[in-house]
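**Q** Input structure: final28.txt, which contains compact mmCIF, C-alpha atoms and all ligand atoms.
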```txt
# COMPACT_ATOMS: atom_id res chain seq x y z
CA MET L 115 64.42 192.96 -232.57
CA PRO L 116 65.09 192.29 -228.89
CA GLN L 117 62.58 194.00 -226.61
CA SER L 118 65.32 195.92 -224.82
CA HIS L 119 66.05 197.84 -228.02
CA THR L 120 62.47 198.60 -228.95
CA SER L 121 61.59 202.13 -228.04
CA LEU L 122 58.26 203.79 -228.72
CA ILE L 123 60.23 206.40 -230.64
CA GLY L 124 60.11 205.48 -234.31
CA MET L 125 56.67 203.90 -234.15
CA ASP L 126 53.96 205.18 -236.43
CA LEU L 127 50.38 205.74 -235.33
CA SER L 128 49.20 202.16 -235.74
CA GLU L 129 52.32 200.75 -234.06
CA LEU L 130 51.85 203.10 -231.12
CA GLY L 131 48.24 201.92 -230.91
CA GLU L 132 49.45 198.32 -230.82
CA ALA L 133 52.02 199.17 -228.17
CA ALA L 134 49.27 200.78 -226.08
CA VAL L 135 47.11 197.68 -226.43
CA ALA L 136 50.03 195.38 -225.60
CA ALA L 137 50.51 197.41 -222.41
CA GLY L 138 46.86 197.01 -221.47
CA GLY L 139 45.55 200.24 -223.01
CA LYS L 140 43.26 201.04 -225.93
CA PRO L 141 44.17 201.54 -229.61
CA PHE L 142 43.22 205.24 -229.57
CA GLN L 143 45.88 205.82 -226.96
CA GLY L 144 48.43 205.48 -229.73
CA LYS L 145 47.35 208.96 -230.74
CA GLN L 146 47.85 210.25 -227.22
CA LEU L 147 51.30 208.74 -227.16
CA ALA L 148 52.14 210.36 -230.51
CA GLN L 149 51.02 213.71 -229.12
CA TRP L 150 53.21 213.44 -226.06
CA LEU L 151 56.25 211.90 -227.68
CA TYR L 152 56.36 213.68 -231.01
CA ALA L 153 54.24 216.82 -230.84
CA LYS L 154 55.29 217.78 -227.29
CA ARG L 155 58.64 215.97 -227.34
CA GLU L 156 57.87 214.71 -223.85
CA LEU L 157 59.80 211.57 -222.96
CA ASN L 158 58.83 211.44 -219.31
CA LEU L 159 55.96 208.98 -218.96
CA ASP L 160 54.99 210.47 -215.60
CA ALA L 161 54.08 213.69 -217.37
CA MET L 162 51.58 211.87 -219.61
CA THR L 163 48.70 212.48 -217.28
CA ASN L 164 45.93 211.36 -219.62
CA LEU L 165 47.35 207.82 -219.53
CA SER L 166 46.53 205.62 -216.54
CA LYS L 167 49.22 204.88 -213.98
CA GLU L 168 49.05 201.20 -214.90
CA LEU L 169 49.55 201.91 -218.58
CA ARG L 170 52.47 204.22 -217.86
CA ALA L 171 54.10 201.63 -215.60
CA LYS L 172 53.79 198.98 -218.30
CA LEU L 173 55.13 201.29 -221.00
CA ALA L 174 58.06 202.15 -218.75
CA GLU L 175 59.38 198.62 -219.27
CA ARG L 176 60.66 199.74 -222.64
CA PRO L 177 63.65 202.05 -222.90
CA MET L 178 62.57 205.47 -224.08
CA LEU L 179 65.85 206.19 -225.85
CA THR L 180 68.12 203.41 -227.03
CA SER L 181 71.06 205.73 -227.78
CA ARG L 182 72.98 208.18 -225.63
CA VAL L 183 75.18 211.21 -226.07
CA ILE L 184 78.82 210.44 -225.34
CA ALA L 185 80.43 213.61 -226.64
CA SER L 186 79.48 217.19 -227.30
CA GLU L 187 81.70 219.73 -228.97
CA GLU L 188 80.95 223.38 -229.52
CA SER L 189 82.50 225.53 -232.18
CA GLY L 190 81.70 228.83 -230.51
CA GLU L 191 79.99 229.85 -233.76
CA GLY L 192 76.61 228.47 -232.86
CA THR L 193 77.42 224.92 -233.89
CA THR L 194 77.31 221.96 -231.54
CA LYS L 195 78.12 218.46 -232.62
CA LEU L 196 77.02 215.41 -230.68
CA GLY L 197 78.60 211.99 -230.71
CA ILE L 198 75.80 209.50 -230.10
CA ARG L 199 76.39 205.89 -229.09
CA LEU L 200 73.83 203.40 -230.36
CA HIS L 201 72.71 200.40 -228.30
CA ASP L 202 75.29 198.18 -229.99
CA GLY L 203 78.21 200.54 -229.39
CA LEU L 204 78.40 202.12 -232.84
CA VAL L 205 78.79 205.88 -232.84
CA ILE L 206 77.00 208.37 -235.06
CA GLU L 207 76.84 212.14 -235.12
CA ALA L 208 74.21 214.84 -235.13
CA VAL L 209 74.83 218.57 -235.37
CA LEU L 210 72.86 221.61 -234.27
CA MET L 211 73.54 224.90 -236.05
CA ARG L 212 72.15 228.24 -234.91
CA GLU L 213 72.33 231.21 -237.19
CA ASP L 214 70.20 234.32 -236.66
CA ASP L 215 66.74 232.92 -236.08
CA ARG L 216 67.39 229.65 -237.85
CA ILE L 217 68.01 226.47 -235.92
CA THR L 218 69.09 223.63 -238.16
CA ALA L 219 69.65 219.99 -237.31
CA CYS L 220 72.00 217.90 -239.41
CA ILE L 221 71.22 214.25 -238.90
CA SER L 222 72.75 210.88 -239.78
CA THR L 223 70.95 207.94 -241.36
CA GLN L 224 73.59 205.22 -241.25
CA ALA L 225 76.53 204.21 -239.06
CA GLY L 226 79.33 204.59 -241.57
CA CYS L 227 78.60 204.72 -245.28
CA ALA L 228 78.96 202.43 -248.26
CA MET L 229 79.41 205.13 -250.90
CA GLY L 230 83.16 205.53 -250.38
CA CYS L 231 83.54 209.18 -251.41
CA ARG L 232 87.29 209.74 -251.30
CA PHE L 233 87.13 213.02 -249.37
CA CYS L 234 84.58 211.86 -246.80
CA ALA L 235 85.53 210.60 -243.36
CA SER L 236 82.33 208.53 -243.04
CA GLY L 237 83.28 206.57 -246.12
CA GLN L 238 86.64 205.53 -244.71
CA LEU L 239 85.21 202.90 -242.39
CA GLY L 240 82.61 201.52 -244.78
CA LEU L 241 79.01 200.83 -243.84
CA LYS L 242 78.43 199.39 -240.38
CA ARG L 243 74.64 199.35 -240.56
CA ASN L 244 71.47 201.27 -241.29
CA LEU L 245 69.87 203.30 -238.53
CA THR L 246 66.29 202.36 -237.71
CA ALA L 247 63.60 205.03 -238.05
CA GLY L 248 63.64 205.26 -234.25
CA GLU L 249 67.38 205.81 -234.11
CA ILE L 250 67.10 208.54 -236.72
CA LEU L 251 64.35 210.26 -234.70
CA GLU L 252 66.26 209.82 -231.44
CA GLU L 253 68.83 212.25 -232.84
CA PHE L 254 66.18 214.98 -232.63
CA PHE L 255 65.57 214.22 -228.98
CA HIS L 256 69.27 214.49 -228.17
CA LEU L 257 69.52 217.77 -230.07
CA ASN L 258 66.37 219.00 -228.34
CA GLU L 259 68.28 219.05 -225.05
CA LEU L 260 70.55 221.70 -226.56
CA MET L 261 67.77 224.03 -227.69
CA LYS L 262 64.61 223.61 -225.66
CA PRO L 263 62.26 225.41 -225.29
CA ASP L 264 63.22 226.50 -228.81
CA TRP L 265 62.70 224.10 -231.65
CA LEU L 266 64.12 223.50 -235.08
CA THR L 267 63.36 225.63 -238.09
CA ASN L 268 65.21 223.40 -240.57
CA VAL L 269 66.44 219.85 -240.94
CA VAL L 270 69.18 218.69 -243.28
CA VAL L 271 69.82 215.01 -243.80
CA MET L 272 73.53 215.53 -244.42
CA GLY L 273 75.20 213.73 -241.56
CA MET L 274 76.74 210.33 -241.69
CA GLY L 275 75.51 207.87 -244.30
CA GLU L 276 73.68 207.93 -247.60
CA PRO L 277 70.00 208.59 -246.77
CA LEU L 278 68.61 207.01 -249.93
CA HIS L 279 70.65 203.87 -249.26
CA ASN L 280 68.52 203.46 -246.13
CA TYR L 281 65.38 204.46 -247.95
CA ASP L 282 62.64 202.69 -245.98
CA ASN L 283 63.84 203.80 -242.55
CA LEU L 284 64.53 207.31 -243.82
CA LEU L 285 61.05 207.59 -245.26
CA LYS L 286 59.45 206.28 -242.09
CA ALA L 287 61.39 208.77 -239.94
CA LEU L 288 60.62 211.69 -242.25
CA THR L 289 56.96 210.69 -242.46
CA ILE L 290 56.75 210.86 -238.66
CA LEU L 291 58.64 214.16 -238.67
CA ASN L 292 56.18 215.61 -241.17
CA ALA L 293 52.89 214.03 -240.01
CA ASP L 294 50.28 216.28 -238.41
CA TRP L 295 49.64 213.62 -235.74
CA ALA L 296 53.35 213.69 -234.86
CA PHE L 297 56.04 216.39 -235.13
CA ASN L 298 54.09 218.30 -237.79
CA PHE L 299 57.37 219.64 -239.19
CA GLY L 300 57.03 221.18 -242.67
CA ALA L 301 58.46 219.05 -245.47
CA ARG L 302 59.68 222.21 -247.20
CA ARG L 303 62.00 222.77 -244.27
CA VAL L 304 63.63 219.38 -244.73
CA THR L 305 66.47 218.76 -247.19
CA VAL L 306 67.62 215.28 -248.12
CA SER L 307 71.15 215.21 -249.46
CA THR L 308 72.10 212.30 -251.67
CA VAL L 309 75.16 211.05 -253.52
CA GLY L 310 72.66 210.37 -256.32
CA LEU L 311 70.83 207.05 -256.39
CA PRO L 312 68.57 207.56 -259.42
CA LYS L 313 66.01 204.85 -258.68
CA ARG L 314 65.47 206.09 -255.14
CA ILE L 315 65.31 209.74 -256.21
CA ARG L 316 62.46 208.79 -258.55
CA GLU L 317 60.76 206.79 -255.83
CA LEU L 318 60.97 209.70 -253.39
CA ALA L 319 59.57 211.99 -256.08
CA GLU L 320 56.43 209.86 -256.18
CA GLN L 321 55.69 209.86 -252.45
CA GLY L 322 53.76 213.12 -252.54
CA PHE L 323 56.07 214.91 -250.10
CA GLN L 324 57.59 218.33 -250.56
CA PHE L 325 61.06 217.59 -249.25
CA ASN L 326 63.94 219.50 -250.78
CA LEU L 327 66.50 217.45 -252.61
CA ALA L 328 70.23 218.14 -252.66
CA ILE L 329 72.39 216.22 -255.08
CA SER L 330 76.08 215.81 -254.40
CA LEU L 331 77.61 216.36 -257.82
CA HIS L 332 81.35 216.88 -257.23
CA GLY L 333 82.24 216.25 -260.87
CA VAL L 334 81.15 217.43 -264.31
CA ASP L 335 81.72 214.19 -266.21
CA ASP L 336 81.76 210.55 -265.21
CA ALA L 337 85.53 210.21 -265.27
CA SER L 338 86.14 213.03 -262.80
CA ARG L 339 83.10 212.16 -260.71
CA SER L 340 84.02 208.48 -260.42
CA ALA L 341 87.54 209.43 -259.33
CA LEU L 342 86.00 211.05 -256.24
CA ILE L 343 82.90 208.84 -255.90
CA PRO L 344 83.70 205.22 -256.80
CA THR L 345 80.01 204.25 -256.58
CA ASN L 346 78.99 206.92 -259.11
CA ALA L 347 75.69 205.86 -260.66
CA GLY L 348 76.29 207.91 -263.80
CA LEU L 349 75.97 211.66 -264.13
CA GLN L 350 73.27 211.64 -266.79
CA ASN L 351 71.10 209.14 -264.89
CA ILE L 352 71.37 211.29 -261.80
CA LEU L 353 70.55 214.54 -263.61
CA ASP L 354 67.56 212.88 -265.29
CA ALA L 355 66.30 211.65 -261.93
CA ALA L 356 66.81 215.11 -260.44
CA LYS L 357 64.76 216.61 -263.27
CA TYR L 358 62.05 214.08 -262.62
CA TYR L 359 62.09 215.02 -258.92
CA PHE L 360 61.61 218.66 -259.83
CA GLN L 361 58.78 217.87 -262.26
CA GLN L 362 56.93 215.75 -259.71
CA THR L 363 57.39 217.88 -256.62
CA ARG L 364 58.07 221.37 -258.02
CA ARG L 365 60.74 221.67 -255.37
CA GLU L 366 63.97 223.30 -256.42
CA VAL L 367 66.94 221.01 -256.57
CA THR L 368 70.22 222.03 -254.97
CA PHE L 369 73.55 220.79 -256.23
CA GLU L 370 76.35 220.34 -253.76
CA TYR L 371 79.83 220.51 -255.08
CA THR L 372 82.80 219.73 -252.86
CA LEU L 373 85.83 221.52 -254.24
CA VAL L 374 88.93 219.37 -254.02
CA GLY L 375 92.28 221.07 -254.65
CA GLY L 376 93.65 220.27 -258.11
CA LYS L 377 90.91 217.72 -258.85
CA ASN L 378 87.70 219.54 -259.71
CA ASP L 379 88.36 223.20 -258.91
CA ASP L 380 89.75 224.52 -262.21
CA PRO L 381 88.10 227.24 -264.36
CA ALA L 382 87.21 224.90 -267.25
CA THR L 383 85.33 222.67 -264.80
CA ALA L 384 83.42 225.67 -263.44
CA GLU L 385 82.25 226.49 -266.94
CA LYS L 386 81.16 222.92 -267.55
CA LEU L 387 79.30 222.90 -264.25
CA ALA L 388 77.44 226.08 -265.22
CA GLU L 389 76.46 224.39 -268.46
CA LEU L 390 75.21 221.25 -266.66
CA VAL L 391 72.92 223.07 -264.25
CA LYS L 392 71.42 225.36 -266.89
CA ASP L 393 68.60 222.86 -267.38
CA PHE L 394 67.53 223.53 -263.81
CA PRO L 395 66.15 227.05 -263.99
CA LYS L 396 66.13 227.85 -260.29
CA ALA L 397 68.85 225.50 -259.16
CA ASN L 398 71.26 226.48 -256.42
CA VAL L 399 74.85 225.35 -256.40
CA ASN L 400 76.45 225.02 -252.97
CA LEU L 401 80.20 224.97 -253.15
CA ILE L 402 81.88 223.25 -250.21
CA PRO L 403 85.64 223.73 -250.03
CA MET L 404 86.87 220.30 -248.95
CA ASN L 405 87.44 219.92 -245.25
CA PRO L 406 90.75 218.18 -244.71
CA VAL L 407 90.41 214.47 -243.92
CA ASP L 408 93.46 212.54 -242.70
CA GLY L 409 94.49 209.70 -244.95
CA SER L 410 92.39 210.87 -247.90
CA GLY L 411 95.42 212.04 -249.85
CA LEU L 412 93.27 214.93 -251.07
CA GLU L 413 93.72 218.59 -250.45
CA THR L 414 91.53 221.51 -249.68
CA PRO L 415 91.34 224.03 -252.57
CA SER L 416 93.19 227.33 -252.47
CA THR L 417 91.22 230.46 -251.57
CA GLU L 418 91.97 231.80 -255.05
CA ALA L 419 90.58 228.69 -256.74
CA VAL L 420 87.39 228.91 -254.68
CA SER L 421 86.93 232.61 -255.53
CA LEU L 422 87.53 232.10 -259.24
CA PHE L 423 85.27 229.05 -259.40
CA THR L 424 82.51 230.97 -257.65
CA GLU L 425 82.92 233.99 -259.88
CA LEU L 426 82.76 231.94 -263.07
CA LEU L 427 79.51 230.32 -261.96
CA GLN L 428 78.05 233.68 -260.99
CA ASN L 429 79.05 235.19 -264.32
CA ALA L 430 77.24 232.33 -266.03
CA GLY L 431 74.07 233.26 -264.13
CA VAL L 432 74.15 230.39 -261.65
CA ASN L 433 72.77 230.91 -258.18
CA VAL L 434 75.83 229.97 -256.16
CA HIS L 435 76.70 229.90 -252.46
CA VAL L 436 79.94 228.98 -250.80
CA ARG L 437 79.31 227.01 -247.67
CA ARG L 438 81.26 228.47 -244.84
CA ARG L 439 83.40 225.93 -243.07
CA ARG L 440 81.21 226.25 -240.10
CA GLY L 441 82.38 224.45 -237.04
CA ARG L 442 85.61 223.37 -238.59
CA ARG L 443 87.17 223.55 -235.19
CA VAL L 444 84.75 220.93 -233.92
CA GLN L 445 85.36 218.87 -237.02
CA ALA L 446 81.87 219.50 -238.29
CA ALA L 447 82.78 217.99 -241.61
CA CYS L 448 80.86 214.87 -242.34
CA GLY L 449 81.75 211.98 -240.09
CA GLN L 450 84.92 213.33 -238.62
CA LEU L 451 83.92 213.37 -234.99
CA ARG L 452 82.86 209.76 -235.05
CA LEU L 453 86.11 208.72 -236.61
CA LYS L 454 87.96 210.33 -233.76
CA LEU L 455 85.75 208.70 -231.15
CA GLU L 456 86.07 205.27 -232.70
CA GLU L 457 89.81 205.60 -232.95
CA ALA L 458 89.96 206.60 -229.30
CA ALA L 459 87.81 203.60 -228.37
CA ALA L 460 89.98 201.25 -230.43
CA GLY L 461 93.25 202.62 -229.08
N1 LIG D 501 75.47 210.91 -248.47
C1 LIG D 501 74.93 212.22 -248.61
C2 LIG D 501 75.22 213.11 -247.39
C3 LIG D 501 76.69 213.33 -247.21
S1 LIG D 501 77.29 214.69 -246.27
C4 LIG D 501 75.48 212.86 -249.87
O1 LIG D 501 76.37 212.29 -250.46
O2 LIG D 501 74.98 213.90 -250.25
C5 LIG D 501 76.79 216.15 -247.08
C6 LIG D 501 77.77 216.73 -248.10
O3 LIG D 501 79.09 216.93 -247.56
C7 LIG D 501 77.92 215.87 -249.33
O4 LIG D 501 77.84 216.68 -250.47
C8 LIG D 501 79.32 215.31 -249.15
O5 LIG D 501 79.87 214.91 -250.36
C9 LIG D 501 80.02 216.48 -248.50
N2 LIG D 501 81.26 216.13 -247.81
C10 LIG D 501 81.59 214.99 -247.16
N3 LIG D 501 82.83 215.06 -246.66
C11 LIG D 501 83.32 216.26 -246.99
C12 LIG D 501 84.56 216.93 -246.77
N4 LIG D 501 85.55 216.35 -246.10
N5 LIG D 501 84.70 218.17 -247.25
C13 LIG D 501 83.69 218.77 -247.93
N6 LIG D 501 82.52 218.20 -248.19
C14 LIG D 501 82.33 216.95 -247.73
```
Would you encode the structure as structure tokens?

**A**
Amino acid sequence: MPQSHTSLIGMDLSELGEAAVAAGGKPFQGKQLAQWLYAKRELNLDAMTNLSKELRAKLAERPMLTSRVIASEESGEGTTKLGIRLHDGLVIEAVLMREDDRITACISTQAGCAMGCRFCASGQLGLKRNLTAGEILEEFFHLNELMKPDWLTNVVVMGMGEPLHNYDNLLKALTILNADWAFNFGARRVTVSTVGLPKRIRELAEQGFQFNLAISLHGVDDASRSALIPTNAGLQNILDAAKYYFQQTRREVTFEYTLVGGKNDDPATAEKLAELVKDFPKANVNLIPMNPVDGSGLETPSTEAVSLFTELLQNAGVNVHVRRRRGRRVQAACGQLRLKLEEAAAG
């Protein structure tokens, strides 16, 4: 990677040690850097008073952040969405949501997405590229400007991209987020949302972390699921992997279900869904009425369909929540802000 794009952000402890040495310092100073950068979220080298002036001057030759905020939209309901331009001009999004005493970050892991979900704006442009671990973590620093001195209580990996399709960089970023030498952010407060890549779900289950897993279901059989998710890896494979995740981590699995008008929002489907999730004793189902996406040819469900669907699940004993269309006015639905920005840039 060219030097000009290599920030300290995204480096693990040994890499920070190497960077310190390369700048004329000592290996143990990697730990000091981790403390400043990650634990204190201090990006100003001048504030790092336990590092020598010479070391700081040398380290200053690297950019601290490789991305920058180019747009910020507020919903007035405690939600702010940032458009973030990466060093190569691609635009991603990160969202901050405040509700009562919760502060949640929704972060992206890829520019674009390869999964092609029909109702998702991120899918419309295809995958541009994976974010590096550093670029994923940079999102937290941009969001930090909106909340400091407060800090996050929760993180959801539900922005642009399929996190498990960028597995290595995701894991590196989340490891740094969780590590006690770095952000020290509790794994149980982090939720990774996936379209359902069974092999990766199993791999994540074996890492020894306590991250929450959310599976985007959106269909109750492979025919209906594949109609909305062309890259569907097979419902049974996904459910088996989810079960394995639960067995290994003892973390509850959440199922996300985007309700699309006339496609997967009928009463018979609700009953089938209740049947499917019965094997997951404490599972939550999050219903997300589809946010309209231009050009998708799909429609948002009627209020009546959403109510009936919810009621049927509840009657079947399922723990169900309807996700409020928070920040709809700022186009908080997945990927929509970026689409707008890219269109503006192209036009
Ligand atoms: N790739 C991950 C994260 C995607 S965004 C995944 O598939 O889980 C988080 C959730 O929002 C997913 O369940 C996704 O399917 C859903 N989603 C995307 N676009 C949407 C839209 N326009 N309306 C409602 N839900 C949407």

**Q** Find the nearest atom pair between each residue of chain L and ligand LIG 501 (chain D) for residues within 7 Å, count all atoms listed in the file, give distances in Å to one decimal, sort rows by chain and ascending number, and present the table as a tab-separated table.

**A**
```
residue	atom	partner	partner_atom	distance
L:Cys231	CA	D:LIG501	O5	6.9
L:Phe233	CA	D:LIG501	N4	4.9
L:Cys234	CA	D:LIG501	N3	3.6
L:Ala235	CA	D:LIG501	N3	6.2
L:Val271	CA	D:LIG501	C2	6.8
L:Met272	CA	D:LIG501	C2	4.2
L:Gly273	CA	D:LIG501	S1	5.2
L:Met274	CA	D:LIG501	C3	6.3
L:Gly275	CA	D:LIG501	N1	5.2
L:Glu276	CA	D:LIG501	N1	3.6
L:Pro277	CA	D:LIG501	N1	6.2
L:Ser307	CA	D:LIG501	O2	4.1
L:Thr308	CA	D:LIG501	O2	3.6
L:Val309	CA	D:LIG501	O1	3.5
L:Ala328	CA	D:LIG501	O2	6.8
L:Ile329	CA	D:LIG501	O2	6.0
L:Ser330	CA	D:LIG501	O4	4.4
L:Glu370	CA	D:LIG501	O4	5.1
L:Tyr371	CA	D:LIG501	O4	6.3
L:Thr372	CA	D:LIG501	N6	4.9
L:Ile402	CA	D:LIG501	C13	5.3
L:Pro403	CA	D:LIG501	C13	5.7
L:Met404	CA	D:LIG501	N5	3.5
L:Asn405	CA	D:LIG501	N5	3.8
L:Pro406	CA	D:LIG501	N4	5.7
L:Val407	CA	D:LIG501	N4	5.6
L:Ala447	CA	D:LIG501	N4	5.5
L:Cys448	CA	D:LIG501	N3	4.8
```

**Q** So that I can see what lies close to Val306 of chain L, please list as a PDB file with C-alpha atoms, in the coordinates of the input the residues with an atom at most 12 Å from it, counting only C-alpha atoms and leaving out residues fewer than 6 positions away in the same chain.

**A**
```
ATOM      1  CA  ALA L 219      69.650 219.990-237.310  1.00  0.00           C
ATOM      2  CA  CYS L 220      72.000 217.900-239.410  1.00  0.00           C
ATOM      3  CA  ILE L 221      71.220 214.250-238.900  1.00  0.00           C
ATOM      4  CA  SER L 222      72.750 210.880-239.780  1.00  0.00           C
ATOM      5  CA  THR L 223      70.950 207.940-241.360  1.00  0.00           C
ATOM      6  CA  ASN L 268      65.210 223.400-240.570  1.00  0.00           C
ATOM      7  CA  VAL L 269      66.440 219.850-240.940  1.00  0.00           C
ATOM      8  CA  VAL L 270      69.180 218.690-243.280  1.00  0.00           C
ATOM      9  CA  VAL L 271      69.820 215.010-243.800  1.00  0.00           C
ATOM     10  CA  MET L 272      73.530 215.530-244.420  1.00  0.00           C
ATOM     11  CA  GLY L 273      75.200 213.730-241.560  1.00  0.00           C
ATOM     12  CA  GLY L 275      75.510 207.870-244.300  1.00  0.00           C
ATOM     13  CA  GLU L 276      73.680 207.930-247.600  1.00  0.00           C
ATOM     14  CA  PRO L 277      70.000 208.590-246.770  1.00  0.00           C
ATOM     15  CA  LEU L 278      68.610 207.010-249.930  1.00  0.00           C
ATOM     16  CA  HIS L 279      70.650 203.870-249.260  1.00  0.00           C
ATOM     17  CA  TYR L 281      65.380 204.460-247.950  1.00  0.00           C
ATOM     18  CA  LEU L 284      64.530 207.310-243.820  1.00  0.00           C
ATOM     19  CA  LEU L 285      61.050 207.590-245.260  1.00  0.00           C
ATOM     20  CA  LEU L 288      60.620 211.690-242.250  1.00  0.00           C
ATOM     21  CA  ARG L 314      65.470 206.090-255.140  1.00  0.00           C
ATOM     22  CA  ILE L 315      65.310 209.740-256.210  1.00  0.00           C
ATOM     23  CA  LEU L 318      60.970 209.700-253.390  1.00  0.00           C
ATOM     24  CA  ALA L 319      59.570 211.990-256.080  1.00  0.00           C
ATOM     25  CA  PHE L 323      56.070 214.910-250.100  1.00  0.00           C
ATOM     26  CA  GLN L 324      57.590 218.330-250.560  1.00  0.00           C
ATOM     27  CA  PHE L 325      61.060 217.590-249.250  1.00  0.00           C
ATOM     28  CA  ASN L 326      63.940 219.500-250.780  1.00  0.00           C
ATOM     29  CA  LEU L 327      66.500 217.450-252.610  1.00  0.00           C
ATOM     30  CA  ALA L 328      70.230 218.140-252.660  1.00  0.00           C
ATOM     31  CA  ILE L 329      72.390 216.220-255.080  1.00  0.00           C
ATOM     32  CA  SER L 330      76.080 215.810-254.400  1.00  0.00           C
ATOM     33  CA  ARG L 365      60.740 221.670-255.370  1.00  0.00           C
ATOM     34  CA  VAL L 367      66.940 221.010-256.570  1.00  0.00           C
ATOM     35  CA  THR L 368      70.220 222.030-254.970  1.00  0.00           C
ATOM     36  CA  PHE L 369      73.550 220.790-256.230  1.00  0.00           C
ATOM     37  CA  GLU L 370      76.350 220.340-253.760  1.00  0.00           C
TER      38      GLU L 370
END
```

**Q** Neighbours of Lys154 of chain L within 9 Å (all atoms listed in the file; same-chain residues fewer than 6 positions away dropped), as a list of chain:residue names?

**A** L:Ala148, L:Ala296, L:Phe297

**Q** Keeping only C-alpha atoms, write the selected residues as a PDB file, in the coordinates of the input.

**A**
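And here's result-v4.pdb as it stands now:
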```pdb
ATOM      1  CA  ALA L 148      52.140 210.360-230.510  1.00  0.00           C
ATOM      2  CA  ALA L 296      53.350 213.690-234.860  1.00  0.00           C
ATOM      3  CA  PHE L 297      56.040 216.390-235.130  1.00  0.00           C
TER       4      PHE L 297
END
```

**Q** What's around segment 390-396 of chain L at 10 Å? Count all atoms listed in the file, leave out sequence neighbours fewer than 4 positions away in its own chain, and write the answer as number ranges by chain.

**A** L: 334-335, 349-350, 353, 356-357, 360, 365-369, 384-386, 430-433

**Q** Could you check the closest approach to Thr246 of chain L for each of L:Ala419, L:Ala287, L:Leu204, L:Met211 and tell me which residue wins, using only C-alpha atoms?

**A**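 When distances to Thr246 of chain L are compared using only C-alpha atoms, the smallest one comes from L:Ala287.
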
**Q** Please measure the separation of atom CA of Ile290 of chain L and atom CA of Val205 of chain L, giving the value in Å to one decimal.

**A**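 Interatomic distance, atom CA of Ile290 of chain L to atom CA of Val205 of chain L: 23.3 Å.
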
**Q** Would you mind reading off the distance between atom CA of Ser128 of chain L and atom CA of Phe142 of chain L, one decimal, in Å?

**A**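 That distance, rounded to one decimal, is 9.1 Å.
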